[in-house]
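Let me begin by presenting the structure, written as structure tokens, before commenting on it.
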Amino acid sequence: MGKGEFILHNGAFTSSSRQPGKWALFGLALILPATVLLLWQLLGDLGYLSELLFPTPYTIGQSFVDLARSGDLWANFRISAFRAFAGFLLGGGIGLAAGLAVGLSRPAEKLLDPSLQMIRMVPSLAIVPLFILWFGIGEESKVLLIAKGALFPVYIQTYLGIRNVDNKLFEVARVLGFSRWKRLMRLVLPAATPNILLGLRLSLGLSWLGLVVAELIASTSGIGYMMSDARQFADTPVVFVGIIVFAAAGLTTDTIVRYIEERLLRWKERYTG
């Protein structure tokens, strides 16, 4: 029998049902959003919701189609996606390097960690005026603001992943005569991979959040600018289109990382529910 619930039968636990298929799970995932959209549309049609504040899903869909046909949506999305991924690669790369250094070396931990933790506690909104003064309202300030948010999840998770490696494995590596490089590649990184991938997922999410902050404050292009411009003209459907685009982009990138995680961690047994 497949995996599922377990019942006691003749002194032993046996599976009572099969796990639902992927299409059944996909349908289950659609129940809540579909219900919300239907109620939203119904309440809007009946006049219980203000069209200015809460346009119906049909109106938002029409705005999405109009923006897509005009090309404005894709042009702004390409700019936003470039900023998000550039900031993620910069911040995530620095975070990974710093996490490896701090996790593998006590002197590096004493040297870098206090300063990095202090910078982590500074809210992104607090440094926006400085970034604008230093780098202007061009791409540099936006990419660096995104990188600041993306750095720390990768850094912290990499550091924790390395420090949580079982010390007995290092003893075995010493017995086998592994060099420091060989210990890093065959022992430390594989053991720390679950934490590193978790850090990447968190950093990707924060990259999209940082992008919203950067584009809403000072920008002349991108999805955030499109939303800010629509807000000034009370074009609420366009604001909702921007929110949906950000949500879909974040979900897509998170799904990709989860797929990579499943492929890389096939050796790891986990509870599936």
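Residue numbers start at 1 in each chain; chains themselves are named A, B, ... in the order of the structure tokens; ligands are numbered from 1 in the order shown.
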Extract, using only C-alpha atoms, all DNA, RNA and protein residues at most 9 Å from segment 177-192 of chain A, discarding same-chain residues fewer than 6 positions from it, and format them as a VMD selection string. chain A and resid 157 to 166 169 to 170
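By chain and then residue number, the residues within 10 Å of Leu39 of chain A are A:Pro33, A:Asp45, A:Thr56, counting only C-alpha atoms and disregarding those fewer than 6 positions away in sequence.
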Go ahead and save the picked residues with all heavy atoms, as a PDB file, in the first residue's frame.
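File out-v2.pdb, as written:
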```pdb
ATOM      1  N   PRO A  33      -8.066  30.193  -3.328  1.00  0.00           N
ATOM      2  CA  PRO A  33      -8.058  31.398  -4.169  1.00  0.00           C
ATOM      3  C   PRO A  33      -9.273  31.506  -5.074  1.00  0.00           C
ATOM      4  O   PRO A  33      -9.790  32.604  -5.300  1.00  0.00           O
ATOM      5  CB  PRO A  33      -6.756  31.256  -4.983  1.00  0.00           C
ATOM      6  CG  PRO A  33      -6.368  29.831  -4.881  1.00  0.00           C
ATOM      7  CD  PRO A  33      -6.879  29.363  -3.566  1.00  0.00           C
ATOM      8  N   ASP A  45     -20.147  42.916  -7.897  1.00  0.00           N
ATOM      9  CA  ASP A  45     -21.300  43.057  -8.795  1.00  0.00           C
ATOM     10  C   ASP A  45     -22.547  43.511  -8.047  1.00  0.00           C
ATOM     11  O   ASP A  45     -23.390  44.231  -8.602  1.00  0.00           O
ATOM     12  CB  ASP A  45     -21.567  41.725  -9.501  1.00  0.00           C
ATOM     13  CG  ASP A  45     -20.478  41.368 -10.503  1.00  0.00           C
ATOM     14  OD1 ASP A  45     -19.743  42.284 -10.923  1.00  0.00           O
ATOM     15  OD2 ASP A  45     -20.348  40.168 -10.844  1.00  0.00           O
ATOM     16  N   THR A  56     -13.334  44.732  -9.269  1.00  0.00           N
ATOM     17  CA  THR A  56     -13.591  43.292  -9.352  1.00  0.00           C
ATOM     18  C   THR A  56     -12.464  42.580 -10.092  1.00  0.00           C
ATOM     19  O   THR A  56     -11.736  43.198 -10.875  1.00  0.00           O
ATOM     20  CB  THR A  56     -14.920  43.033 -10.074  1.00  0.00           C
ATOM     21  OG1 THR A  56     -14.824  43.532 -11.417  1.00  0.00           O
ATOM     22  CG2 THR A  56     -16.071  43.704  -9.360  1.00  0.00           C
TER      23      THR A  56
END
```
With a distance cut-off of 12 Å and only C-alpha atoms, select the neighbouring residues of Gly205 of chain A, excluding the residue or stretch itself and same-chain residues fewer than 2 positions from it, and output the selection as a PyMOL selection string. chain A and resi 84-85+87-88+92+146-147+149-151+153-154+198-203+207-212+246-255+257
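Remark: for Leu265 of chain A, the closest of the candidate residues A:Ile119, A:Leu37, A:Ile196, A:Ile79 is A:Ile196 (distances computed over only C-alpha atoms).
Counting from atom CA of Glu261 of chain A, the distance to atom CA of Arg174 of chain A is 29.1 Å.
Between Leu96 of chain A and the candidates A:Leu206, A:Val36, A:Leu197, A:Ile223, the tightest atom-to-atom separation, counting only C-alpha atoms, involves A:Leu197.
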Can you tell me, as a PyMOL selection string, what residues are no more than 12 Å from Gly61 of chain A when counting only C-alpha atoms, ignoring any on the same chain fewer than 3 positions away? chain A and resi 37+41+55-58+64-68+237-242+244-245
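The spacing separating atom CA of Glu215 of chain A from atom CA of Ser70 of chain A amounts to 21.1 Å.
Between atom CA of Ile156 of chain A and atom CA of Gln117 of chain A there is a distance of 9.5 Å.
Distance annotation: of A:Gly27, A:Pro114, A:Ser219, A:Val128, the residue with the minimal separation from Val102 of chain A is A:Pro114; atom set is only C-alpha atoms.
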Using DSSP on the backbone coordinates, identify the residues of segment 118-248 of chain A assigned to alpha helix (DSSP H); present them as a ChimeraX atom specification. /A:118-120,124-135,139-163,167-175,180-183,189-217,223-232,236-248
